[in-house]
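Peer 1: Dropping a structure here in structure tokens format, bear with me for questions.
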Amino acid sequence: MPPFDTRVPAVLLRIDRNPFHHGTLGAVRSLGRAGIDVHVVADSTGSPVCRSRFVRRMHPPPAPGSPPADIALALRRVAARVNRPAVLIPMDDASAVAVDRMRDELAPRYLLPLSPRGLAERVADKAELAAVCAAAGIPHPRTLAPDSPAQAAAAAWRLGLPVVAKWSRPWLLPAGTDLRSTTVLRSAHEARTLCRRAEEAGSRLLLQEFLPPGPDRDWFFHGYADRSSSVCGGGPGRKQRAWPRGAGLTAVGRWTPNPTVQALAERLTSMLGYRGIFDLDFRRDATTGSYHLLDFNPRPGAQFRLFADGSGLDVVRALHLDLTHRPLPPPAPLPGRTFVVENYAPLTAVLCRGSERAWHARDDLAPGVAMWALWSRHVGRRLLDRVRRTPAAPAADARVVRQTARRDANPLTDDEKASRC
């Protein structure tokens, strides 16, 4: 393991209230095992992360949708408690965009990579990403941005159904609604209906050409671009199982060498002058064989621990070493390494020995136990809600049920049966 400057703590910031965000736990463990004090600014209500023995202290986060001033205030309070400069690591898109906007205000309390100003928001915005890919010559699904419900319906027909619907700034989606950052639409009517909710979503609706999922088609690349924009740490991985199936997060991933994906990632970050941790999602077009960039996340991906290499380096450790002016060890890739998220792929977690688990760790058992208790309650509530939402039998069906019950209670005689023939 490389020598870390353990005098410099790390502060993880997550505004999203998802208690099952295993990437936050991965960062806590990775840095904590290196002897670094880890402070977490995130919702601790029921969160398994707060049970980790590697958490130095939990701090209350700003509310979802908070303006930059409130986020800055929360981070200044944390800085006062930590009382020394710290490496700041945003763990979701809302945090990454906010921190990039407030970089001058946060210095010198926090150490941050010096990407071009506004770049985090530019790549996280799905509409802007299409333009970025066009300028860089990176394949990207054909994308349209309708201005009205009628245009949305026309765009759906133009792209060819089904289509993928995305909100350009998904971190602005309100909590507690049925709006999702990405949805597959199968009719023009669905496109028209969803477009009417743009004001509620807080950003524009985008319609994107649908590239079907399939074996060996879903790929990702995690990396850290250092002060010279050279990519180090991380690597290319293949999504073996997703949750929800076909279009969700990585439930099972495998470190798989892919020179094409690696070259695309390095070319894009170099052209942008990007610095810091990033997570890219690709899908291979089965017809052309080209890899289309679907998402650029300017922060650690939830499965970044898949790419912990032979020297113990991963992207959050690379960030800490670089920002504290410590040398990064030479790459020691471990292709074939597997990462499993137990609550989304429980059978694989049991059968796949030697893989890295998102929640279970022998040196940190409490978060895994807490996760299963919380997950059981979550699944139970979902099932109960589904039962409650099941519509009652229509009146006609109810009459049939009553008539059948009466008939069963008072069976016809043989003469009555004969008279009805």
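Simple scheme: letters A, B, ... for chains in structure tokens order, numbers from 1 for residues in each chain, numbers from 1 for ligands in the order shown.
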Produce a table with one row for each residue of region 83-196 of chain A that has an atom at most 9 Å from any atom of region 65-77 of chain A, each row naming the nearest atom pair and its distance in Å at one decimal; use only C-alpha atoms; arrange rows by chain and rising residue number; format as a tab-separated table.

Peer 2:
residue	atom	partner	partner_atom	distance
A:Ala94	CA	A:Gly65	CA	8.4
A:Ser95	CA	A:Ile71	CA	8.6
A:Ala98	CA	A:Pro68	CA	6.1
A:Val99	CA	A:Ala72	CA	8.3
A:Arg101	CA	A:Pro68	CA	7.9
A:Met102	CA	A:Ala72	CA	7.2
A:Glu105	CA	A:Ala72	CA	7.7
A:Leu106	CA	A:Ala72	CA	7.3
A:Arg109	CA	A:Arg76	CA	8.0
A:Trp171	CA	A:Gly65	CA	8.4
A:Leu172	CA	A:Gly65	CA	6.7
A:Leu173	CA	A:Gly65	CA	8.6
A:Pro174	CA	A:Gly65	CA	7.7

Peer 1: List every residue of region 19-61 of chain A that has an atom at most 9 Å from any atom of region 293-313 of chain A, and for each one report the closest atom pair and its distance in Å to one decimal, counting only C-alpha atoms, with rows sorted by chain and then by increasing residue number, as JSON lines.

Peer 2:
{"residue": "A:His21", "atom": "CA", "partner": "A:Ala302", "partner_atom": "CA", "distance": 7.1}
{"residue": "A:His22", "atom": "CA", "partner": "A:Ala302", "partner_atom": "CA", "distance": 6.1}
{"residue": "A:Gly23", "atom": "CA", "partner": "A:Ala302", "partner_atom": "CA", "distance": 3.8}
{"residue": "A:Thr24", "atom": "CA", "partner": "A:Ala302", "partner_atom": "CA", "distance": 7.4}
{"residue": "A:Gly26", "atom": "CA", "partner": "A:Arg305", "partner_atom": "CA", "distance": 6.4}
{"residue": "A:Ala27", "atom": "CA", "partner": "A:Arg305", "partner_atom": "CA", "distance": 8.1}
{"residue": "A:Ser30", "atom": "CA", "partner": "A:Arg305", "partner_atom": "CA", "distance": 8.2}

Peer 1: Just want the 9 Å neighbourhood of region 227-237 of chain A, counted on only C-alpha atoms, with same-chain residues fewer than 6 positions away dropped. Output as an MDAnalysis selection string.

Peer 2: chainID A and resid 113:115 218:221 253:259 261:262 265:266 269:270 273:276 304:309 313:318 322:323 328 330:331 333 335

Peer 1: From the set A:Leu205, A:Pro141, A:Leu211, A:Asn343, which residue has the shortest atom-to-atom contact distance to Ala370 (chain A), counting only C-alpha atoms?

Peer 2: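 Smallest separation from Ala370 (chain A) among the options: A:Asn343.
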
Peer 1: Between A:Arg245, A:Leu280, A:Pro212, A:Pro367, which residue has the minimum interatomic distance to Val28 (chain A), considering only C-alpha atoms?

Peer 2: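 Of A:Arg245, A:Leu280, A:Pro212, A:Pro367, the one nearest Val28 (chain A), counting only C-alpha atoms, is A:Pro367.
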
Peer 1: Identify, with DSSP run on backbone atoms, the residues in region 132-320 of chain A assigned to strand (DSSP E), and express the list as a PyMOL selection string.

Peer 2: chain A and resi 143-144+163-167+182-185+205-209+218-225+231-243+249-255+276-284+291-297

Peer 1: Give me, please, the distance in Å between CA of His320 (chain A) and CA of Phe282 (chain A), quoted to one decimal.

Peer 2: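 One can read the CA of His320 (chain A) to CA of Phe282 (chain A) distance as 26.9 Å.
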
Peer 1: Out of A:Arg53, A:Arg81, A:His222, A:Arg283, which residue has the shortest atom-to-atom distance to Ala366 (chain A) when counting only C-alpha atoms?

Peer 2: A:Arg53

Peer 1: Find the residues around region 37-49 of chain A up to 7 Å (only C-alpha atoms counted), leave out those fewer than 5 positions away in its own chain, and share them as a short mmCIF file (atom, residue, chain, number, x, y, z; two decimals) with N, CA, C and O atoms, in the first residue's frame.

Peer 2:
data_model
loop_
_atom_site.label_atom_id
_atom_site.label_comp_id
_atom_site.auth_asym_id
_atom_site.auth_seq_id
_atom_site.Cartn_x
_atom_site.Cartn_y
_atom_site.Cartn_z
N PRO A 9 -7.54 14.56 6.69
CA PRO A 9 -8.76 13.73 6.70
C PRO A 9 -9.49 13.83 5.37
O PRO A 9 -9.13 14.62 4.49
N ALA A 10 -10.52 13.01 5.22
CA ALA A 10 -11.39 13.06 4.05
C ALA A 10 -12.82 13.35 4.50
O ALA A 10 -13.25 12.87 5.55
N VAL A 11 -13.52 14.16 3.72
CA VAL A 11 -14.93 14.47 3.98
C VAL A 11 -15.73 14.00 2.77
O VAL A 11 -15.48 14.44 1.64
N LEU A 12 -16.67 13.08 2.99
CA LEU A 12 -17.54 12.58 1.93
C LEU A 12 -18.87 13.32 2.01
O LEU A 12 -19.48 13.39 3.09
N LEU A 13 -19.32 13.86 0.89
CA LEU A 13 -20.56 14.63 0.84
C LEU A 13 -21.57 13.92 -0.05
O LEU A 13 -21.29 13.63 -1.21
N ARG A 14 -22.75 13.63 0.50
CA ARG A 14 -23.82 13.05 -0.29
C ARG A 14 -25.13 13.71 0.10
O ARG A 14 -25.59 13.62 1.24
N ILE A 15 -25.73 14.41 -0.86
CA ILE A 15 -27.00 15.10 -0.63
C ILE A 15 -28.18 14.15 -0.82
O ILE A 15 -29.18 14.23 -0.12
N ARG A 17 -30.63 11.16 -0.44
CA ARG A 17 -30.99 10.49 0.80
C ARG A 17 -31.12 8.97 0.66
O ARG A 17 -31.75 8.32 1.49
N PRO A 19 -30.50 5.43 1.40
CA PRO A 19 -29.76 4.72 2.46
C PRO A 19 -28.99 3.52 1.94
O PRO A 19 -28.14 2.98 2.65
N LEU A 25 -20.23 3.69 1.40
CA LEU A 25 -19.58 2.75 2.32
C LEU A 25 -18.23 2.30 1.76
O LEU A 25 -17.26 2.17 2.51
N VAL A 28 -15.73 5.01 2.49
CA VAL A 28 -15.42 5.03 3.93
C VAL A 28 -14.41 3.95 4.27
O VAL A 28 -13.39 4.20 4.94
N LEU A 31 -10.70 4.48 2.50
CA LEU A 31 -9.87 5.51 3.13
C LEU A 31 -9.60 5.18 4.59
O LEU A 31 -8.49 5.39 5.10
N GLY A 32 -10.60 4.65 5.28
CA GLY A 32 -10.42 4.31 6.69
C GLY A 32 -9.37 3.23 6.89
O GLY A 32 -8.57 3.29 7.84
N PHE A 54 -15.14 2.51 10.44
CA PHE A 54 -14.18 3.41 9.81
C PHE A 54 -14.69 4.85 9.70
O PHE A 54 -13.98 5.72 9.19
N VAL A 55 -15.92 5.10 10.14
CA VAL A 55 -16.45 6.46 10.14
C VAL A 55 -15.99 7.18 11.39
O VAL A 55 -16.26 6.74 12.51
N ARG A 56 -15.28 8.28 11.19
CA ARG A 56 -14.85 9.08 12.35
C ARG A 56 -16.02 9.85 12.93
O ARG A 56 -16.20 9.91 14.14
N ARG A 57 -16.84 10.43 12.03
CA ARG A 57 -18.00 11.19 12.51
C ARG A 57 -18.99 11.40 11.37
O ARG A 57 -18.60 11.63 10.23
N MET A 58 -20.28 11.29 11.68
CA MET A 58 -21.35 11.64 10.75
C MET A 58 -21.76 13.09 10.99
O MET A 58 -21.83 13.54 12.14
N HIS A 59 -22.07 13.79 9.91
CA HIS A 59 -22.50 15.19 10.01
C HIS A 59 -23.81 15.35 9.25
O HIS A 59 -24.00 14.72 8.20
N PRO A 60 -24.73 16.19 9.74
CA PRO A 60 -26.01 16.37 9.04
C PRO A 60 -25.81 17.01 7.68
O PRO A 60 -25.04 17.97 7.55
N PRO A 61 -26.48 16.50 6.65
CA PRO A 61 -26.32 17.04 5.30
C PRO A 61 -27.28 18.19 5.04
O PRO A 61 -28.28 18.36 5.76
N PRO A 367 -22.22 -2.78 9.12
CA PRO A 367 -23.04 -2.23 8.02
C PRO A 367 -23.81 -3.30 7.24
O PRO A 367 -24.95 -3.06 6.83
N ALA A 370 -26.83 -4.30 9.29
CA ALA A 370 -27.82 -3.22 9.27
C ALA A 370 -28.51 -3.12 7.91
O ALA A 370 -29.71 -2.84 7.83
N MET A 371 -27.76 -3.37 6.85
CA MET A 371 -28.34 -3.30 5.50
C MET A 371 -29.45 -4.32 5.34
O MET A 371 -30.54 -4.02 4.84
#

Peer 1: I need the residue nearest Gly214 (chain A) from this list: A:Thr6, A:Leu179, A:Lys239, A:Asp104. Use only C-alpha atoms for the distance.

Peer 2: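 Counting only C-alpha atoms, the residue closest to Gly214 (chain A) is A:Lys239.
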
Peer 1: Counting only C-alpha atoms, which of A:Cys195, A:Leu351, A:Thr390, A:Ala80 gets nearest to Ala145 (chain A)?

Peer 2: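 Ranked by minimum distance to Ala145 (chain A), first place goes to A:Cys195.
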
Peer 1: When you draw a straight line from CA of Leu112 (chain A) to CA of Lys126 (chain A), how long is it in Å?

Peer 2: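 Going from CA of Leu112 (chain A) over to CA of Lys126 (chain A), I get 23.9 Å.
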